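Undergrad: Sharing model.txt, compact mmCIF, N, CA, C and O atoms:
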```
# COMPACT_ATOMS: atom_id res chain seq x y z
N TYR D 261 224.57 -27.71 -17.91
CA TYR D 261 223.39 -28.41 -18.41
C TYR D 261 222.61 -27.60 -19.45
O TYR D 261 221.47 -27.94 -19.75
N GLY D 262 223.18 -26.52 -19.94
CA GLY D 262 222.55 -25.74 -20.99
C GLY D 262 221.52 -24.74 -20.51
O GLY D 262 220.73 -24.25 -21.31
N VAL D 263 221.52 -24.42 -19.23
CA VAL D 263 220.57 -23.44 -18.70
C VAL D 263 221.16 -22.04 -18.93
O VAL D 263 222.24 -21.73 -18.42
N LYS D 264 220.46 -21.22 -19.70
CA LYS D 264 220.95 -19.87 -19.98
C LYS D 264 220.97 -19.04 -18.70
O LYS D 264 220.15 -19.26 -17.80
N PRO D 265 221.88 -18.07 -18.61
CA PRO D 265 221.99 -17.26 -17.40
C PRO D 265 220.67 -16.62 -16.96
O PRO D 265 220.38 -16.57 -15.76
N GLU D 266 219.87 -16.16 -17.88
CA GLU D 266 218.61 -15.50 -17.51
C GLU D 266 217.57 -16.48 -16.97
O GLU D 266 216.54 -16.07 -16.43
N MET D 267 217.82 -17.77 -17.08
CA MET D 267 216.90 -18.78 -16.56
C MET D 267 217.44 -19.47 -15.30
O MET D 267 216.78 -20.31 -14.72
N GLN D 268 218.63 -19.10 -14.89
CA GLN D 268 219.25 -19.76 -13.75
C GLN D 268 218.62 -19.35 -12.43
O GLN D 268 218.01 -18.29 -12.32
N ALA D 269 218.75 -20.24 -11.47
CA ALA D 269 218.23 -20.02 -10.13
C ALA D 269 219.24 -20.59 -9.13
O ALA D 269 220.40 -20.78 -9.47
N CYS D 270 218.77 -20.91 -7.96
CA CYS D 270 219.66 -21.34 -6.89
C CYS D 270 219.92 -22.84 -6.84
O CYS D 270 220.84 -23.28 -6.16
N HIS D 271 219.11 -23.65 -7.53
CA HIS D 271 219.25 -25.11 -7.45
C HIS D 271 219.15 -25.70 -8.86
O HIS D 271 218.36 -25.23 -9.67
N THR D 272 219.93 -26.74 -9.10
CA THR D 272 219.86 -27.46 -10.37
C THR D 272 219.83 -28.95 -10.06
O THR D 272 220.60 -29.42 -9.23
N ALA D 273 218.93 -29.66 -10.73
CA ALA D 273 218.85 -31.11 -10.57
C ALA D 273 218.68 -31.74 -11.94
O ALA D 273 218.21 -31.10 -12.89
N VAL D 274 219.05 -32.99 -12.03
CA VAL D 274 218.78 -33.78 -13.24
C VAL D 274 217.88 -34.92 -12.81
O VAL D 274 218.22 -35.70 -11.92
N VAL D 275 216.70 -34.98 -13.42
CA VAL D 275 215.68 -35.97 -13.08
C VAL D 275 215.26 -36.68 -14.36
O VAL D 275 214.74 -36.05 -15.28
N ASN D 276 215.52 -37.97 -14.43
CA ASN D 276 215.18 -38.76 -15.63
C ASN D 276 215.68 -38.10 -16.91
O ASN D 276 214.96 -37.99 -17.89
N ASN D 277 216.90 -37.63 -16.88
CA ASN D 277 217.56 -36.97 -18.02
C ASN D 277 216.99 -35.60 -18.36
O ASN D 277 217.30 -35.05 -19.41
N TYR D 278 216.15 -35.02 -17.52
CA TYR D 278 215.66 -33.65 -17.69
C TYR D 278 216.35 -32.77 -16.65
O TYR D 278 216.56 -33.18 -15.52
N VAL D 279 216.64 -31.54 -17.04
CA VAL D 279 217.20 -30.56 -16.12
C VAL D 279 216.05 -29.84 -15.42
O VAL D 279 215.08 -29.44 -16.07
N VAL D 280 216.14 -29.70 -14.11
CA VAL D 280 215.16 -28.95 -13.33
C VAL D 280 215.94 -27.84 -12.64
O VAL D 280 216.81 -28.11 -11.81
N GLU D 281 215.63 -26.61 -13.01
CA GLU D 281 216.37 -25.44 -12.51
C GLU D 281 215.46 -24.59 -11.63
O GLU D 281 214.41 -24.13 -12.07
N GLY D 282 215.85 -24.42 -10.38
CA GLY D 282 215.11 -23.55 -9.48
C GLY D 282 213.95 -24.23 -8.79
O GLY D 282 213.89 -25.45 -8.68
N HIS D 283 213.01 -23.41 -8.33
CA HIS D 283 211.89 -23.86 -7.50
C HIS D 283 210.71 -24.33 -8.35
O HIS D 283 209.63 -23.73 -8.31
N VAL D 284 210.90 -25.38 -9.12
CA VAL D 284 209.85 -25.94 -9.99
C VAL D 284 208.92 -26.79 -9.12
O VAL D 284 209.39 -27.67 -8.40
N PRO D 285 207.61 -26.56 -9.20
CA PRO D 285 206.66 -27.37 -8.42
C PRO D 285 206.75 -28.86 -8.78
O PRO D 285 206.91 -29.22 -9.95
N ALA D 286 206.65 -29.70 -7.75
CA ALA D 286 206.79 -31.15 -7.94
C ALA D 286 205.77 -31.72 -8.91
O ALA D 286 206.10 -32.61 -9.69
N ASP D 287 204.52 -31.19 -8.90
CA ASP D 287 203.52 -31.74 -9.81
C ASP D 287 203.90 -31.51 -11.27
O ASP D 287 203.61 -32.34 -12.13
N LEU D 288 204.60 -30.42 -11.55
CA LEU D 288 205.03 -30.17 -12.93
C LEU D 288 206.22 -31.03 -13.32
O LEU D 288 206.35 -31.42 -14.48
N ILE D 289 207.07 -31.35 -12.36
CA ILE D 289 208.17 -32.29 -12.63
C ILE D 289 207.59 -33.66 -12.97
O ILE D 289 208.00 -34.30 -13.94
N LEU D 290 206.62 -34.11 -12.19
CA LEU D 290 205.97 -35.40 -12.46
C LEU D 290 205.26 -35.40 -13.80
O LEU D 290 205.33 -36.38 -14.56
N LYS D 291 204.59 -34.30 -14.13
CA LYS D 291 203.92 -34.18 -15.44
C LYS D 291 204.95 -34.32 -16.56
O LYS D 291 204.72 -35.05 -17.53
N MET D 292 206.07 -33.64 -16.44
CA MET D 292 207.12 -33.71 -17.45
C MET D 292 207.63 -35.14 -17.59
O MET D 292 207.78 -35.65 -18.71
N ILE D 293 207.89 -35.80 -16.47
CA ILE D 293 208.40 -37.17 -16.52
C ILE D 293 207.39 -38.11 -17.18
O ILE D 293 207.75 -38.97 -17.98
N ASN D 294 206.12 -37.94 -16.85
CA ASN D 294 205.07 -38.81 -17.40
C ASN D 294 204.79 -38.55 -18.88
O ASN D 294 204.56 -39.47 -19.64
N GLU D 295 204.79 -37.28 -19.28
CA GLU D 295 204.45 -36.92 -20.66
C GLU D 295 205.65 -36.99 -21.60
O GLU D 295 205.48 -37.07 -22.81
N LYS D 296 206.86 -36.94 -21.06
CA LYS D 296 208.10 -37.04 -21.84
C LYS D 296 208.15 -36.07 -23.03
O LYS D 296 208.38 -36.48 -24.17
N PRO D 297 207.98 -34.77 -22.76
CA PRO D 297 208.05 -33.81 -23.87
C PRO D 297 209.47 -33.72 -24.43
O PRO D 297 210.44 -34.05 -23.74
N ALA D 298 209.59 -33.24 -25.65
CA ALA D 298 210.89 -33.09 -26.30
C ALA D 298 211.52 -31.76 -25.87
O ALA D 298 211.64 -30.82 -26.65
N ILE D 299 211.90 -31.69 -24.60
CA ILE D 299 212.55 -30.52 -24.02
C ILE D 299 213.77 -30.96 -23.23
O ILE D 299 213.92 -32.15 -22.93
N ALA D 300 214.63 -30.00 -22.90
CA ALA D 300 215.78 -30.31 -22.06
C ALA D 300 215.41 -30.26 -20.59
O ALA D 300 215.99 -30.97 -19.78
N GLY D 301 214.42 -29.39 -20.27
CA GLY D 301 214.03 -29.31 -18.87
C GLY D 301 213.09 -28.16 -18.57
O GLY D 301 212.55 -27.52 -19.47
N LEU D 302 212.91 -27.92 -17.26
CA LEU D 302 212.04 -26.87 -16.75
C LEU D 302 212.84 -25.95 -15.85
O LEU D 302 213.78 -26.39 -15.18
N ALA D 303 212.42 -24.68 -15.83
CA ALA D 303 213.12 -23.70 -14.99
C ALA D 303 212.14 -22.70 -14.41
O ALA D 303 211.17 -22.32 -15.06
N VAL D 304 212.43 -22.29 -13.19
CA VAL D 304 211.78 -21.13 -12.57
C VAL D 304 212.93 -20.18 -12.24
O VAL D 304 213.65 -20.39 -11.26
N PRO D 305 213.14 -19.16 -13.08
CA PRO D 305 214.24 -18.23 -12.84
C PRO D 305 214.08 -17.48 -11.52
O PRO D 305 212.96 -17.16 -11.10
N GLY D 306 215.19 -17.22 -10.88
CA GLY D 306 215.17 -16.48 -9.63
C GLY D 306 214.57 -17.30 -8.50
O GLY D 306 214.62 -18.52 -8.51
N MET D 307 213.99 -16.60 -7.55
CA MET D 307 213.39 -17.25 -6.38
C MET D 307 212.08 -16.56 -6.05
O MET D 307 211.97 -15.84 -5.06
N PRO D 308 211.04 -16.76 -6.88
CA PRO D 308 209.78 -16.05 -6.65
C PRO D 308 209.11 -16.45 -5.34
O PRO D 308 209.05 -17.62 -4.98
N MET D 309 208.60 -15.46 -4.63
CA MET D 309 207.88 -15.71 -3.37
C MET D 309 206.62 -16.54 -3.67
O MET D 309 205.91 -16.26 -4.63
N GLY D 310 206.41 -17.56 -2.87
CA GLY D 310 205.26 -18.44 -3.06
C GLY D 310 205.57 -19.70 -3.85
O GLY D 310 204.77 -20.63 -3.87
N SER D 311 206.73 -19.75 -4.50
CA SER D 311 207.13 -20.98 -5.19
C SER D 311 207.55 -22.00 -4.14
O SER D 311 207.80 -21.65 -2.98
N PRO D 312 207.63 -23.28 -4.49
CA PRO D 312 208.01 -24.30 -3.51
C PRO D 312 209.32 -23.95 -2.80
O PRO D 312 210.31 -23.63 -3.44
N GLY D 313 209.25 -23.94 -1.49
CA GLY D 313 210.41 -23.59 -0.69
C GLY D 313 210.51 -22.11 -0.38
O GLY D 313 211.35 -21.69 0.41
N MET D 314 209.66 -21.31 -1.00
CA MET D 314 209.69 -19.87 -0.80
C MET D 314 208.33 -19.37 -0.28
O MET D 314 207.90 -18.28 -0.59
N GLU D 315 207.66 -20.21 0.51
CA GLU D 315 206.30 -19.90 0.98
C GLU D 315 206.27 -19.01 2.21
O GLU D 315 205.23 -18.48 2.56
N THR D 316 207.38 -18.83 2.90
CA THR D 316 207.36 -18.07 4.16
C THR D 316 207.08 -16.59 3.91
O THR D 316 207.36 -16.06 2.85
N GLY D 317 206.51 -15.96 4.90
CA GLY D 317 206.23 -14.54 4.82
C GLY D 317 204.84 -14.22 4.31
O GLY D 317 204.39 -13.09 4.38
N GLY D 318 204.13 -15.21 3.79
CA GLY D 318 202.76 -15.01 3.34
C GLY D 318 202.62 -14.34 1.99
O GLY D 318 201.57 -14.41 1.37
N ALA D 319 203.65 -13.66 1.50
CA ALA D 319 203.55 -12.99 0.21
C ALA D 319 203.70 -14.02 -0.92
O ALA D 319 204.51 -14.92 -0.84
N LYS D 320 202.87 -13.86 -1.94
CA LYS D 320 202.97 -14.73 -3.11
C LYS D 320 202.98 -13.85 -4.35
O LYS D 320 202.27 -12.88 -4.43
N GLU D 321 203.83 -14.23 -5.29
CA GLU D 321 203.85 -13.53 -6.56
C GLU D 321 203.62 -14.54 -7.67
O GLU D 321 203.97 -15.71 -7.54
N SER D 322 203.00 -14.10 -8.73
CA SER D 322 202.79 -14.97 -9.89
C SER D 322 204.15 -15.22 -10.54
O SER D 322 205.02 -14.35 -10.55
N TYR D 323 204.30 -16.41 -11.07
CA TYR D 323 205.54 -16.72 -11.77
C TYR D 323 205.27 -17.74 -12.86
O TYR D 323 204.27 -18.44 -12.86
N ALA D 324 206.18 -17.78 -13.82
CA ALA D 324 206.07 -18.73 -14.93
C ALA D 324 207.09 -19.85 -14.74
O ALA D 324 208.22 -19.61 -14.31
N VAL D 325 206.66 -21.06 -15.06
CA VAL D 325 207.57 -22.19 -15.15
C VAL D 325 207.88 -22.33 -16.63
O VAL D 325 206.97 -22.47 -17.45
N LEU D 326 209.14 -22.24 -16.98
CA LEU D 326 209.55 -22.26 -18.37
C LEU D 326 210.11 -23.62 -18.77
O LEU D 326 210.82 -24.25 -18.00
N SER D 327 209.79 -24.03 -19.98
CA SER D 327 210.45 -25.19 -20.56
C SER D 327 211.55 -24.66 -21.47
O SER D 327 211.46 -23.53 -21.96
N PHE D 328 212.59 -25.42 -21.66
CA PHE D 328 213.66 -25.00 -22.57
C PHE D 328 214.22 -26.22 -23.28
O PHE D 328 214.14 -27.34 -22.79
N ASP D 329 214.73 -25.98 -24.50
CA ASP D 329 215.30 -27.08 -25.26
C ASP D 329 216.82 -26.99 -25.26
O ASP D 329 217.40 -26.12 -24.61
N SER D 330 217.46 -27.88 -25.98
CA SER D 330 218.92 -27.96 -25.95
C SER D 330 219.59 -26.75 -26.61
O SER D 330 220.77 -26.51 -26.38
N THR D 331 218.85 -25.97 -27.39
CA THR D 331 219.41 -24.76 -27.99
C THR D 331 219.22 -23.55 -27.09
O THR D 331 219.70 -22.47 -27.39
N GLY D 332 218.44 -23.71 -26.00
CA GLY D 332 218.18 -22.61 -25.09
C GLY D 332 216.87 -21.90 -25.34
O GLY D 332 216.50 -21.00 -24.60
N LYS D 333 216.16 -22.31 -26.38
CA LYS D 333 214.86 -21.69 -26.67
C LYS D 333 213.90 -22.06 -25.55
O LYS D 333 213.82 -23.22 -25.14
N SER D 334 213.14 -21.07 -25.07
CA SER D 334 212.24 -21.33 -23.96
C SER D 334 210.82 -20.92 -24.29
O SER D 334 210.59 -20.11 -25.18
N SER D 335 209.88 -21.48 -23.53
CA SER D 335 208.48 -21.09 -23.63
C SER D 335 207.82 -21.37 -22.27
O SER D 335 208.36 -22.10 -21.45
N VAL D 336 206.66 -20.77 -22.08
CA VAL D 336 205.94 -20.95 -20.81
C VAL D 336 205.33 -22.34 -20.79
O VAL D 336 204.57 -22.70 -21.68
N TYR D 337 205.69 -23.11 -19.78
CA TYR D 337 205.15 -24.47 -19.58
C TYR D 337 203.92 -24.40 -18.71
O TYR D 337 202.95 -25.14 -18.91
N ALA D 338 203.95 -23.52 -17.71
CA ALA D 338 202.80 -23.36 -16.79
C ALA D 338 202.97 -22.02 -16.07
O ALA D 338 204.06 -21.47 -15.99
N LYS D 339 201.85 -21.51 -15.57
CA LYS D 339 201.87 -20.30 -14.75
C LYS D 339 201.35 -20.65 -13.38
O LYS D 339 200.41 -21.42 -13.24
N ARG D 340 201.93 -20.04 -12.39
CA ARG D 340 201.51 -20.26 -11.00
C ARG D 340 201.32 -18.93 -10.33
O ARG D 340 201.78 -17.93 -10.71
```
Would you kindly transcribe this structure into structure tokens?

TA:
Amino acid sequence: YGVKPEMQACHTAVVNNYVVEGHVPADLILKMINEKPAIAGLAVPGMPMGSPGMETGGAKESYAVLSFDSTGKSSVYAKR
């Protein structure tokens, strides 16, 4: 789906023709679907503690949700 290795995580989904890679928060997926930006998808590289599905243990780390286009160019879509 064009996800560069440095942006890969443990899960990949295709939602309304957008790629969702890793532990992307649901509210940001809905925002992407509603706003229809000109991107290929969203990614949360790795498995940051505190991201959706990684809440156990009480530890939370800041992480960036990245948008990426079909050429692999990425930018920060949101910070959590």

Undergrad: What are the nearest atom pairs, with distances in Å to one decimal, for all residues of region 293-336 of chain D that come at most 7 Å from region 269-274 of chain D, using all atoms listed in the file, set out by chain and rising residue number as a tab-separated table?

TA:
```
residue	atom	partner	partner_atom	distance
D:Leu302	O	D:Ala273	O	6.9
D:Val304	O	D:Ala269	CA	4.7
D:Pro305	C	D:Ala269	CA	5.1
D:Gly306	N	D:Ala269	CA	4.2
D:Met307	N	D:Ala269	CA	6.0
```

Undergrad: When you draw a straight line from atom O of Lys264 (chain D) to atom C of Gly317 (chain D), how long is it in Å?

TA: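 For atom O of Lys264 (chain D) relative to atom C of Gly317 (chain D), the distance reads 27.4 Å.
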
Undergrad: Ranking D:Asn277, D:Val325, D:Ser330, D:Arg340 by minimum distance to Ala303 (chain D) and counting only N, CA, C and O atoms, which one comes first?

TA: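 Checking each of D:Asn277, D:Val325, D:Ser330, D:Arg340 against Ala303 (chain D), counting only N, CA, C and O atoms, the winner is D:Val325.
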
Undergrad: Can you list, as a list in words, all residues belonging to chain D that DSSP tags as alpha helix (DSSP H)?

TA: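 Result set for chain D (alpha helix (DSSP H)): Ala286, Asp287, Leu288, Ile289, Leu290, Lys291, Met292, Ile293, Asn294 and Glu295 of chain D.
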
Undergrad: At what distance in Å, to one decimal, does CA of Ser334 (chain D) lie from atom C of Gly313 (chain D)?

TA: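 So the two atoms, atom C of Gly313 (chain D) and CA of Ser334 (chain D), lie 23.7 Å apart.
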
Undergrad: Quick one, how far is CA of Val336 (chain D) from atom O of Lys320 (chain D)?

TA: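 Separation of CA of Val336 (chain D) and atom O of Lys320 (chain D): 18.6 Å.
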
Undergrad: Counting only C-alpha atoms, figure out which residue out of D:Gly301, D:Gly262, D:Gly318, D:Gly310 gets nearest to Ser335 (chain D).

TA: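 Under the stated criterion, the closest residue is D:Gly301.
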
Undergrad: Within 6 Å of Ala338 (chain D), counting only N, CA, C and O atoms, which residues show up once you throw out same-chain ones fewer than 4 positions away? Write them as a list of chain:residue names, please.

TA: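 Once the nearby chain positions are removed, what remains is D:Tyr323, D:Ala324, D:Val325, D:Leu326.
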